[in-house]
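Quick notes on the structure that follows.
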Amino acid sequence: MNPIPYHWQYLPLLIQIVVAFGLGTSMILGSRFVGRHRNSKTKLAAYECGVEAVGDARGRFSVRYYMVAMLFILFDVEAVFMMPWAVIYRKLPEITGSRFFGFWEMIVYLGFVAVGIFYIVRKGILDWSLDKADL
Amino acid sequence: MNTDLLRILPETILVVAGILVMLIDASLPPRAQRRGLIWVAAPGTMLALWASLIQLRLDPGTAFFGAVETSPFTIFFHVLICGIVLVALLLAYDTLPRDSHHQGEFYALVLFGASGMCLLTGAVELLVVFIALEISSISTYILAGYRKHTGKGPEAAIKYFLLGSFATGFLLYGIALIFGATGSTQIYEVAHKAASAQNHTFIVLALMLMLVGILFKVSAAPFHVWTPDVYEGAPSPVVALLSTAPKAAAFALLLRVLYQMLPDLRSLWMPLLWVIAAASMTIGNLAALRQQNVKRMLAYSSIAHAGYLLAAFAGLADKGIAAAAFYIAAYAAMNVGIFAVVTLISGYDEHLPLVADFRGVLYRSPLLGSLLIFFLISLIGIPFTGGFFGKFYSFSAAVGGGAVVLAIIGLLNSGVAAAYYVRLAVTVAQKPENGMSQAALPVPQIGVAVGAALLFTVGATLWLGIAPEPILRAAENAAHALQ
Amino acid sequence: MHLILFIVFAGLCLAGALNLLLQKHPINSALSLVVVMTSLAVLYLLLGAEFLAAAQIIVYAGAIMVLFTFVIMLLNAGREERTLGSKAAVALGFPAVAAILAVIATVILKAQDLGSVSLSDGITSTEELSRVLFHELLLPFEVTSVLILIAILGAVSLARKGHGDQEAGK
């Protein structure tokens with residue numbers, strides 16, 4: 001019997017969140033109070049090839065960004081399904097009653113992903129220099 | 001395991017064909033012609049149709065731990081959906097712009113969508129129902145927006161997508177509540193638990209939510225508003241598919257949910273469907289009377305037809321299911337046919353969208369004009385066409401179930417509907433006003449593929465109207481299998 | 001302890017959802033959605049659905065929200081305008097939603113023989129989930145990959161230029 005409640009296992013995660021927030025806040029606040037601020041026009045200008053700081057924040061983006069984000073989600077969802085599979089993989093022969101069944105079910109699943117990857121690569125979706133995909 | 005795979009053979013074939021289309025499409029050089037991919041898509045669909053017929057040899061039963069089922073019911077709908085898809089593919093082959101190099105994705109989406117629809121008719125596990133419905137919906141959403149250069153194409157796609165996903169949300173909530181009430185999502189187990197449940201309130205709530213999702217897909221009355229806009233904006237070959245195949249699949253799901261999952265609640269859902277059927281017919285027909293655009297008119301007419309079909313649900317189990325299944329087949333044959341003719345007359349880019357533009361079509365192209373009039377006759381429901389027997393069986397099922405008033409409303413509505421069908425038919429048969437402008441219009445070319453598609457739909461409509469017995473027997477077997 | 005967490009995050013979730021509807025800037029709405037998604041993940045965790053909570057964070061709060069903000073920026077969406085139609089939608093929509101919620105809540109509260117779920121330390125481990133997912137629910141699992149494949153195909157199809165656009169552009 002485990003005397004510690006299960007949810008306490010999430011304590012490290014909570015500590016990490018607190019540390020991350022604390023670190024970020026303390027750095028910003030620290031530099032604000034400790035550092036000296038003497039702004040001149042040159043210092044406020046964008047650094048070398050940086051983006052202009054003033055203007056409409058919602059500039060238009062190329063549709064290619066959408067494609068990248070969309071494909072990221074799709075492959076993300078695919079990857080999420082692999083997690084439970086990996087957890088149980090060694091027990092699958094016993095559950096399904098066949099030695100390689102668990103292996104093949106993921107291979108079939110990944111086969112669909114492979115078709116998807118082949119399609120987007122050949123269609124030139126990820127190739128930003130050539131306008132092959134008519135984006 | 002092997003019979004398990006046989007039981008999803010048609011779906012597997014459609015998916016494999018879709019993947020082949022995708023792979024070949026991606027391997028061809030970017031600017032190459034892709035029309036030839038029909039040689040993968042059409043044989044794939046035929047193979048799936050054949051595989052569905054092969055399944056007749058299997059004993060009815062479920063596979064994959066009760067996730068899908070093969071029975072005369074599923075085979076009936078599989079054959080119907082594969083037939084529709086085949087006709088739509090042939091139609092698209094001849095009417096999509098020839099210089100386009102994007103036809104591969106069109107064929108692939110149609111094939112994947114068809115696999116979703118087939119799976120939907122066979123699914124007896126609500127999780128599979130949901131995923132199959134999503135597969136069929138997502139491909140049709142994208143197909144609806146295939147004409148990007150027009151403003152109406154993307155509008156149709158986005159309206160269909162937003163409303164459709166909202167409706168699917170209701171369905172999903174209903175499924176979740178079903179699971180909450182019965183502890184299962186397997187339709188047989190749900191039916192078993194629901195039959196022995198003391199208190200039905202929770203299941204009723206779940207059923208109501210599920211009905212919202214399903215009735216949206218069949219465009220029945222309160223959930224029909226998307227139909228005209230989507231049909232107007234989507235390319236006509238897609239509308240031929242969209243107005244029939246997903247609806248057939250959704251009706252199959254509706255039959256399964258009502259008659260197989262919750263038959264004991266009949267006293268409750270029957271009055272509800274009564275009202276929805278009457279409302280669909282009346283709203284559809286009255287709105288169609290006022291339409292000037294042919295595709296919008298046919299969209300409202302399809303809402304009315306959904307109403308006629310729902311009238312069959314008032315019937316007792318045996319007759320009702322058989323009548324509904326028969327009506328779906330008859331409706332599919334004539335509706336795909338009429339959209340094929342409309343595609344050829346008004347063209348892919350629809351330079352002739354209005355009823356008035358159809359004036360003199362009979363003189364410009366006697367064949368297309370007479371085919372259009374033939375399908376209109378079938379839609380009215382005149383004997384010797386599939387539409388007649390469809391309505392006949394549906395209304396007599398309603399009368400058999402005690403819904404005489406509904407049958408009368410249906411008959412009155414058929415009279416109203418005749419008005420706008422005849423108006424279009426008369427316009428088609430009118431002599432061109434001033435010979436000059438009409439003669440300047442090109443005579444539509446009928447290619448081999450689209451010719452085959454037309455032959456197929458005309459043949460099916462006539463067959464259902466002259467010798468309906470074999471199909472009716474198949475529909476009765478299907479009805480029997482569902483109980 | 002569990003009850004306090006539940007109340008805090010359920011409240012946060014509802015507040016986020018309301019804020020989502022009331023905000024006029026799409027970006028603000030999208031950020032409220034992040035709050036909703038994250039608090040939902042905590043609620044899942046409280047109900048013992050550990051894997052679901054993780055997937056909720058990874059997929060929804062992570063990937064999908066990135067897409068939302070991308071799309072909002074792509075469209076260069078400005079402030080939402082209140083038109084007569086949208087005011088009517090609000091006037092009709094809120095009472096209608098309230099009515100539906102009331103019906104659902106009444107049914108759930110009155111339901112007798114429903115099972116119950118408790119906020120407890122019990123966790124459905126990922127292993128138990130996998131046992132079902134890779135055996136009984138094998139078909140839905142495989143079919144999901146077809147769904148994702150269609151989504152890939154659809155995304156490519158949606159993002160490309162239409163037939164005739166090139167001619168119009170040149």
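Chains: A, B, ... in order of the structure tokens. Residues: from 1 per chain. Ligands: from 1, in order shown.
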
Could you give me the residues within region 264-401 of chain B that DSSP places in alpha helix (DSSP H), as a PyMOL selection string? chain B and resi 266-289+294-311+317-346+361-364+366-380+386-400

Can you tell me, as a PyMOL selection string, what residues are no more than 12 Å from Ala92 (chain B) when counting only C-alpha atoms, ignoring any on the same chain fewer than 2 positions away? chain B and resi 35+37-38+41-42+85-90+94-98+103-104+106-107+110+143+146+235-241+336+339-340+343-344+347-348+447+449-451+453

For the residues in that selection, give me N, CA and C atoms as a short mmCIF file (atom, residue, chain, number, x, y, z; two decimals), in the first residue's frame.
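Contents of selection-v3.cif, as written:
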```
data_model
loop_
_atom_site.label_atom_id
_atom_site.label_comp_id
_atom_site.auth_asym_id
_atom_site.auth_seq_id
_atom_site.Cartn_x
_atom_site.Cartn_y
_atom_site.Cartn_z
N ARG B 35 -6.45 13.48 -64.70
CA ARG B 35 -7.77 12.89 -64.96
C ARG B 35 -7.70 11.37 -64.99
N LEU B 37 -6.50 9.37 -63.12
CA LEU B 37 -6.66 8.70 -61.83
C LEU B 37 -8.03 8.07 -61.67
N ILE B 38 -8.94 8.44 -62.56
CA ILE B 38 -10.26 7.80 -62.55
C ILE B 38 -10.09 6.29 -62.74
N ALA B 41 -9.79 5.18 -59.30
CA ALA B 41 -10.95 5.46 -58.45
C ALA B 41 -12.17 4.63 -58.85
N ALA B 42 -12.49 4.63 -60.15
CA ALA B 42 -13.71 3.93 -60.56
C ALA B 42 -13.61 2.41 -60.36
N VAL B 85 -21.48 6.67 -55.61
CA VAL B 85 -20.12 7.20 -55.71
C VAL B 85 -19.56 6.95 -57.11
N LEU B 86 -19.86 5.78 -57.66
CA LEU B 86 -19.38 5.45 -59.00
C LEU B 86 -19.93 6.45 -60.01
N VAL B 87 -21.23 6.71 -59.94
CA VAL B 87 -21.85 7.65 -60.86
C VAL B 87 -21.25 9.05 -60.68
N ALA B 88 -21.07 9.45 -59.42
CA ALA B 88 -20.53 10.79 -59.17
C ALA B 88 -19.11 10.91 -59.71
N LEU B 89 -18.32 9.83 -59.59
CA LEU B 89 -16.95 9.86 -60.11
C LEU B 89 -16.94 10.01 -61.62
N LEU B 90 -17.81 9.24 -62.29
CA LEU B 90 -17.88 9.31 -63.75
C LEU B 90 -18.31 10.70 -64.19
N ASP B 94 -15.90 13.81 -66.43
CA ASP B 94 -16.18 14.54 -67.66
C ASP B 94 -16.47 16.01 -67.44
N THR B 95 -16.83 16.41 -66.23
CA THR B 95 -17.28 17.79 -66.07
C THR B 95 -16.32 18.67 -65.28
N LEU B 96 -15.41 18.09 -64.51
CA LEU B 96 -14.43 18.95 -63.82
C LEU B 96 -13.53 19.58 -64.88
N PRO B 97 -13.00 20.78 -64.63
CA PRO B 97 -12.16 21.44 -65.64
C PRO B 97 -11.00 20.55 -66.05
N ARG B 98 -10.83 20.43 -67.37
CA ARG B 98 -9.84 19.47 -67.86
C ARG B 98 -8.41 19.92 -67.65
N GLN B 103 -7.23 17.18 -59.72
CA GLN B 103 -8.32 16.22 -59.64
C GLN B 103 -8.02 15.05 -58.72
N GLY B 104 -6.70 14.82 -58.48
CA GLY B 104 -6.33 13.70 -57.62
C GLY B 104 -6.96 13.81 -56.25
N PHE B 106 -9.57 15.39 -55.46
CA PHE B 106 -11.02 15.22 -55.58
C PHE B 106 -11.39 13.74 -55.49
N TYR B 107 -10.73 12.93 -56.32
CA TYR B 107 -11.04 11.49 -56.32
C TYR B 107 -10.72 10.87 -54.96
N VAL B 110 -13.37 11.76 -52.44
CA VAL B 110 -14.62 11.03 -52.69
C VAL B 110 -14.49 9.60 -52.18
N LEU B 143 -15.01 18.92 -50.23
CA LEU B 143 -15.49 18.84 -51.60
C LEU B 143 -16.47 19.97 -51.91
N TYR B 146 -14.87 23.08 -53.37
CA TYR B 146 -13.88 22.77 -54.39
C TYR B 146 -13.72 23.90 -55.41
N PRO B 235 -19.79 22.53 -56.40
CA PRO B 235 -19.91 22.15 -57.81
C PRO B 235 -20.97 21.06 -58.00
N SER B 236 -21.65 21.10 -59.12
CA SER B 236 -22.79 20.18 -59.30
C SER B 236 -22.45 18.70 -59.17
N PRO B 237 -21.31 18.22 -59.71
CA PRO B 237 -21.01 16.79 -59.50
C PRO B 237 -20.91 16.45 -58.01
N VAL B 238 -20.40 17.40 -57.22
CA VAL B 238 -20.32 17.15 -55.78
C VAL B 238 -21.72 17.13 -55.17
N VAL B 239 -22.59 18.03 -55.66
CA VAL B 239 -23.94 18.05 -55.11
C VAL B 239 -24.65 16.73 -55.39
N ALA B 240 -24.39 16.17 -56.59
CA ALA B 240 -25.00 14.88 -56.91
C ALA B 240 -24.64 13.85 -55.84
N LEU B 241 -23.38 13.90 -55.38
CA LEU B 241 -22.93 12.98 -54.34
C LEU B 241 -23.48 13.39 -52.98
N VAL B 336 -29.33 11.85 -58.23
CA VAL B 336 -28.02 11.86 -58.88
C VAL B 336 -28.21 12.15 -60.37
N PHE B 339 -29.03 15.86 -61.06
CA PHE B 339 -27.88 16.74 -60.89
C PHE B 339 -26.85 16.52 -62.00
N ALA B 340 -26.78 15.29 -62.51
CA ALA B 340 -25.88 15.04 -63.65
C ALA B 340 -26.35 15.85 -64.85
N THR B 343 -25.70 19.52 -64.28
CA THR B 343 -24.27 19.82 -64.46
C THR B 343 -23.98 20.03 -65.93
N LEU B 344 -24.50 19.14 -66.77
CA LEU B 344 -24.19 19.23 -68.19
C LEU B 344 -24.81 20.47 -68.81
N GLY B 347 -23.25 23.69 -66.82
CA GLY B 347 -21.80 23.71 -66.87
C GLY B 347 -21.17 23.74 -65.49
N TYR B 348 -19.88 23.39 -65.43
CA TYR B 348 -19.17 23.37 -64.15
C TYR B 348 -19.14 24.76 -63.52
N GLY B 447 -19.75 13.16 -72.80
CA GLY B 447 -18.63 12.23 -72.95
C GLY B 447 -19.05 10.80 -72.64
N ALA B 449 -17.90 8.79 -70.23
CA ALA B 449 -18.08 8.53 -68.79
C ALA B 449 -19.42 9.06 -68.32
N VAL B 450 -19.71 10.32 -68.68
CA VAL B 450 -20.94 10.90 -68.19
C VAL B 450 -22.14 10.22 -68.86
N GLY B 451 -21.93 9.76 -70.10
CA GLY B 451 -22.99 9.01 -70.77
C GLY B 451 -23.32 7.75 -70.00
N ALA B 453 -22.80 7.29 -66.86
CA ALA B 453 -23.43 7.69 -65.60
C ALA B 453 -24.91 7.96 -65.81
#
```

One-decimal distance in Å that lies between CA of Asp349 (chain B) and CA of Pro366 (chain B):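 Computed distance, CA of Pro366 (chain B) to CA of Asp349 (chain B), equals 21.9 Å.
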
If you take only C-alpha atoms and a cut-off of 6 Å, which residues of chain A touch chain B, and what are their nearest atom pairs and distances in Å to one decimal, in chain and number order, as a tab-separated table?
```
residue	atom	partner	partner_atom	distance
A:Tyr119	CA	B:Ala26	CA	5.5
A:Arg122	CA	B:Ala26	CA	5.4
A:Lys123	CA	B:Ala26	CA	5.8
```

Dump of N, CA and C atoms for the selected residues, as a tab-separated table (two decimals), in the first residue's frame:
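The result, written out as part05.tsv:
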```tsv
chain	number	residue	atom	x	y	z
A	119	TYR	N	2.79	12.28	-49.06
A	119	TYR	CA	1.94	13.19	-49.83
A	119	TYR	C	2.37	14.64	-49.66
A	122	ARG	N	5.90	15.31	-51.21
A	122	ARG	CA	5.89	15.33	-52.67
A	122	ARG	C	5.11	16.51	-53.22
A	123	LYS	N	4.07	16.93	-52.51
A	123	LYS	CA	3.28	18.07	-52.96
A	123	LYS	C	4.01	19.39	-52.71
```

So which residues touch Tyr421 (chain B) within 7 Å, counting only C-alpha atoms, skipping near sequence neighbours fewer than 4 positions away, as a list in words?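 Contacts, in chain order: Leu376, Ile380, Ala417 and Ala425 of chain B.
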
What would the file look like if the residues just selected were written as an mmCIF file, in the first residue's frame with C-alpha atoms?
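Produced file out10.cif, reproduced below:
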```
data_model
loop_
_atom_site.group_PDB
_atom_site.id
_atom_site.type_symbol
_atom_site.label_atom_id
_atom_site.label_comp_id
_atom_site.auth_asym_id
_atom_site.auth_seq_id
_atom_site.Cartn_x
_atom_site.Cartn_y
_atom_site.Cartn_z
ATOM 1 C CA LEU B 376 -38.577 15.707 -63.004
ATOM 2 C CA ILE B 380 -43.062 14.394 -58.980
ATOM 3 C CA ALA B 417 -44.232 20.041 -55.427
ATOM 4 C CA ALA B 425 -40.211 21.094 -67.214
#
```

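Our summary of the geometry notes that CA of Glu78 (chain A) is positioned 17.6 Å from CA of Val121 (chain A).
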
Could you give me, as a PyMOL selection string, the residues within 12 Å of Val68 (chain A), counting only C-alpha atoms and dropping anything in the same chain fewer than 6 positions from it? (chain A and resi 62+74-76+120-121+124-128) or (chain C and resi 63-64+66-67+70-71+152+155-156+159)

Would you kindly report the residues of chain B within 7 Å of chain C, using only C-alpha atoms, as an mmCIF file with N, CA and C atoms, in the first residue's frame?
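For reference, iface_24.cif as written:
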```
data_model
loop_
_atom_site.group_PDB
_atom_site.id
_atom_site.type_symbol
_atom_site.label_atom_id
_atom_site.label_comp_id
_atom_site.auth_asym_id
_atom_site.auth_seq_id
_atom_site.Cartn_x
_atom_site.Cartn_y
_atom_site.Cartn_z
ATOM 1 N N PHE B 64 -14.705 -7.373 -35.055
ATOM 2 C CA PHE B 64 -13.891 -6.461 -34.247
ATOM 3 C C PHE B 64 -14.553 -6.149 -32.914
ATOM 4 N N PHE B 65 -14.864 -7.182 -32.167
ATOM 5 C CA PHE B 65 -15.444 -7.042 -30.832
ATOM 6 C C PHE B 65 -16.738 -6.235 -30.867
ATOM 7 N N SER B 100 -7.266 21.383 -65.114
ATOM 8 C CA SER B 100 -6.902 21.425 -63.702
ATOM 9 C C SER B 100 -5.945 20.283 -63.382
ATOM 10 N N GLU B 105 -6.875 15.003 -55.662
ATOM 11 C CA GLU B 105 -7.430 15.153 -54.319
ATOM 12 C C GLU B 105 -8.943 15.003 -54.345
ATOM 13 N N LEU B 127 -18.827 4.643 -31.022
ATOM 14 C CA LEU B 127 -17.551 5.315 -31.283
ATOM 15 C C LEU B 127 -17.205 5.247 -32.766
ATOM 16 N N VAL B 128 -17.428 4.056 -33.352
ATOM 17 C CA VAL B 128 -17.158 3.904 -34.783
ATOM 18 C C VAL B 128 -18.135 4.765 -35.577
ATOM 19 N N ILE B 131 -16.711 8.280 -35.593
ATOM 20 C CA ILE B 131 -15.526 8.471 -36.438
ATOM 21 C C ILE B 131 -15.904 8.360 -37.914
ATOM 22 N N ILE B 135 -15.449 11.071 -40.868
ATOM 23 C CA ILE B 135 -14.729 10.819 -42.119
ATOM 24 C C ILE B 135 -15.575 11.265 -43.295
ATOM 25 N N SER B 139 -14.701 14.930 -45.541
ATOM 26 C CA SER B 139 -14.425 14.926 -46.978
ATOM 27 C C SER B 139 -15.490 15.707 -47.741
ATOM 28 N N ILE B 142 -14.913 19.539 -47.536
ATOM 29 C CA ILE B 142 -13.853 20.046 -48.402
ATOM 30 C C ILE B 142 -14.291 20.011 -49.860
ATOM 31 N N ARG B 147 -14.796 24.659 -55.664
ATOM 32 C CA ARG B 147 -14.683 25.767 -56.620
ATOM 33 C C ARG B 147 -14.227 27.012 -55.879
ATOM 34 N N LYS B 148 -12.916 27.202 -55.836
ATOM 35 C CA LYS B 148 -12.416 28.281 -54.986
ATOM 36 C C LYS B 148 -12.510 29.640 -55.629
ATOM 37 N N HIS B 149 -12.518 29.669 -56.964
ATOM 38 C CA HIS B 149 -12.472 30.971 -57.622
ATOM 39 C C HIS B 149 -13.802 31.702 -57.510
ATOM 40 N N ALA B 181 -25.749 6.669 -19.362
ATOM 41 C CA ALA B 181 -26.992 6.034 -18.904
ATOM 42 C C ALA B 181 -26.888 4.523 -18.883
ATOM 43 N N THR B 201 -35.788 8.707 -18.767
ATOM 44 C CA THR B 201 -35.575 10.144 -19.022
ATOM 45 C C THR B 201 -34.187 10.443 -19.570
ATOM 46 N N PHE B 202 -33.199 9.801 -18.982
ATOM 47 C CA PHE B 202 -31.829 10.095 -19.368
ATOM 48 C C PHE B 202 -31.559 9.637 -20.796
#
```

Grab the CA of Val80 (chain A) to CA of Tyr65 (chain A) distance for me, in Å with one decimal place. 22.3 Å

May I have the residues within 12 Å of region 95-97 of chain A as a ChimeraX atom specification, using only C-alpha atoms and disregarding those fewer than 4 positions away in the same chain? /A:88-91,101-105 /B:1,64-65 /C:127-128,130-138

Save out the residues we just selected, C-alpha atoms, as an mmCIF file, in the first residue's frame.
```
data_model
loop_
_atom_site.group_PDB
_atom_site.id
_atom_site.type_symbol
_atom_site.label_atom_id
_atom_site.label_comp_id
_atom_site.auth_asym_id
_atom_site.auth_seq_id
_atom_site.Cartn_x
_atom_site.Cartn_y
_atom_site.Cartn_z
ATOM 1 C CA ILE A 88 1.449 -1.569 -22.945
ATOM 2 C CA TYR A 89 3.522 -2.930 -25.819
ATOM 3 C CA ARG A 90 5.202 -5.709 -23.837
ATOM 4 C CA LYS A 91 1.891 -6.990 -22.561
ATOM 5 C CA PHE A 101 -0.506 -8.464 -33.409
ATOM 6 C CA GLY A 102 0.267 -5.452 -31.277
ATOM 7 C CA PHE A 103 3.242 -4.681 -33.468
ATOM 8 C CA TRP A 104 1.270 -4.816 -36.684
ATOM 9 C CA GLU A 105 -1.580 -2.705 -35.424
ATOM 10 C CA MET B 1 -9.680 -12.672 -37.743
ATOM 11 C CA PHE B 64 -13.891 -6.461 -34.247
ATOM 12 C CA PHE B 65 -15.444 -7.042 -30.832
ATOM 13 C CA GLU C 127 -2.190 0.917 -19.022
ATOM 14 C CA GLU C 128 -5.843 0.174 -18.364
ATOM 15 C CA SER C 130 -4.378 0.933 -23.547
ATOM 16 C CA ARG C 131 -5.756 -2.497 -22.768
ATOM 17 C CA VAL C 132 -9.118 -1.380 -24.147
ATOM 18 C CA LEU C 133 -7.765 0.807 -26.917
ATOM 19 C CA PHE C 134 -5.520 -1.813 -28.503
ATOM 20 C CA HIS C 135 -7.830 -4.750 -28.114
ATOM 21 C CA GLU C 136 -11.574 -4.111 -28.007
ATOM 22 C CA LEU C 137 -11.414 -0.693 -29.648
ATOM 23 C CA LEU C 138 -8.918 -1.760 -32.294
#
```

With distances taken over only C-alpha atoms, which of A:Met83, A:Leu29, A:Ala69, A:Leu44 is nearest to chain C?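 For chain C, the nearest of the given residues is A:Ala69.
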
Spatial neighbours of Leu20 (chain C), 10 Å, only C-alpha atoms, chain gap at least 2 places, as an mmCIF file with C-alpha atoms, in the first residue's frame:
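See around_15.cif below for the written result:
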```
data_model
loop_
_atom_site.group_PDB
_atom_site.id
_atom_site.type_symbol
_atom_site.label_atom_id
_atom_site.label_comp_id
_atom_site.auth_asym_id
_atom_site.auth_seq_id
_atom_site.Cartn_x
_atom_site.Cartn_y
_atom_site.Cartn_z
ATOM 1 C CA LEU C 14 -16.610 28.648 -16.819
ATOM 2 C CA ALA C 15 -15.131 32.114 -16.445
ATOM 3 C CA GLY C 16 -12.768 31.425 -19.332
ATOM 4 C CA ALA C 17 -15.604 30.180 -21.517
ATOM 5 C CA LEU C 18 -17.729 33.250 -20.772
ATOM 6 C CA LEU C 22 -17.685 38.258 -24.527
ATOM 7 C CA GLN C 23 -14.278 39.361 -25.811
ATOM 8 C CA LYS C 24 -14.272 41.321 -29.026
ATOM 9 C CA HIS C 25 -10.698 40.623 -30.050
ATOM 10 C CA PRO C 26 -10.299 37.131 -31.524
ATOM 11 C CA ILE C 27 -6.857 36.833 -29.942
ATOM 12 C CA ASN C 28 -8.290 37.477 -26.486
ATOM 13 C CA SER C 29 -10.939 34.857 -27.125
ATOM 14 C CA ALA C 30 -8.289 32.380 -28.220
ATOM 15 C CA LEU C 31 -6.278 33.024 -25.067
ATOM 16 C CA SER C 32 -9.394 32.504 -22.934
ATOM 17 C CA LEU C 33 -9.779 29.186 -24.673
ATOM 18 C CA VAL C 34 -6.331 28.200 -23.402
ATOM 19 C CA VAL C 35 -7.606 28.805 -19.864
ATOM 20 C CA VAL C 36 -10.665 26.644 -20.574
#
```

Applying 8 Å and only C-alpha atoms, which residues near Glu50 (chain C) remain after dropping the ones on its own chain fewer than 6 positions away? List them as an MDAnalysis selection string. chainID C and resid 44 123:126
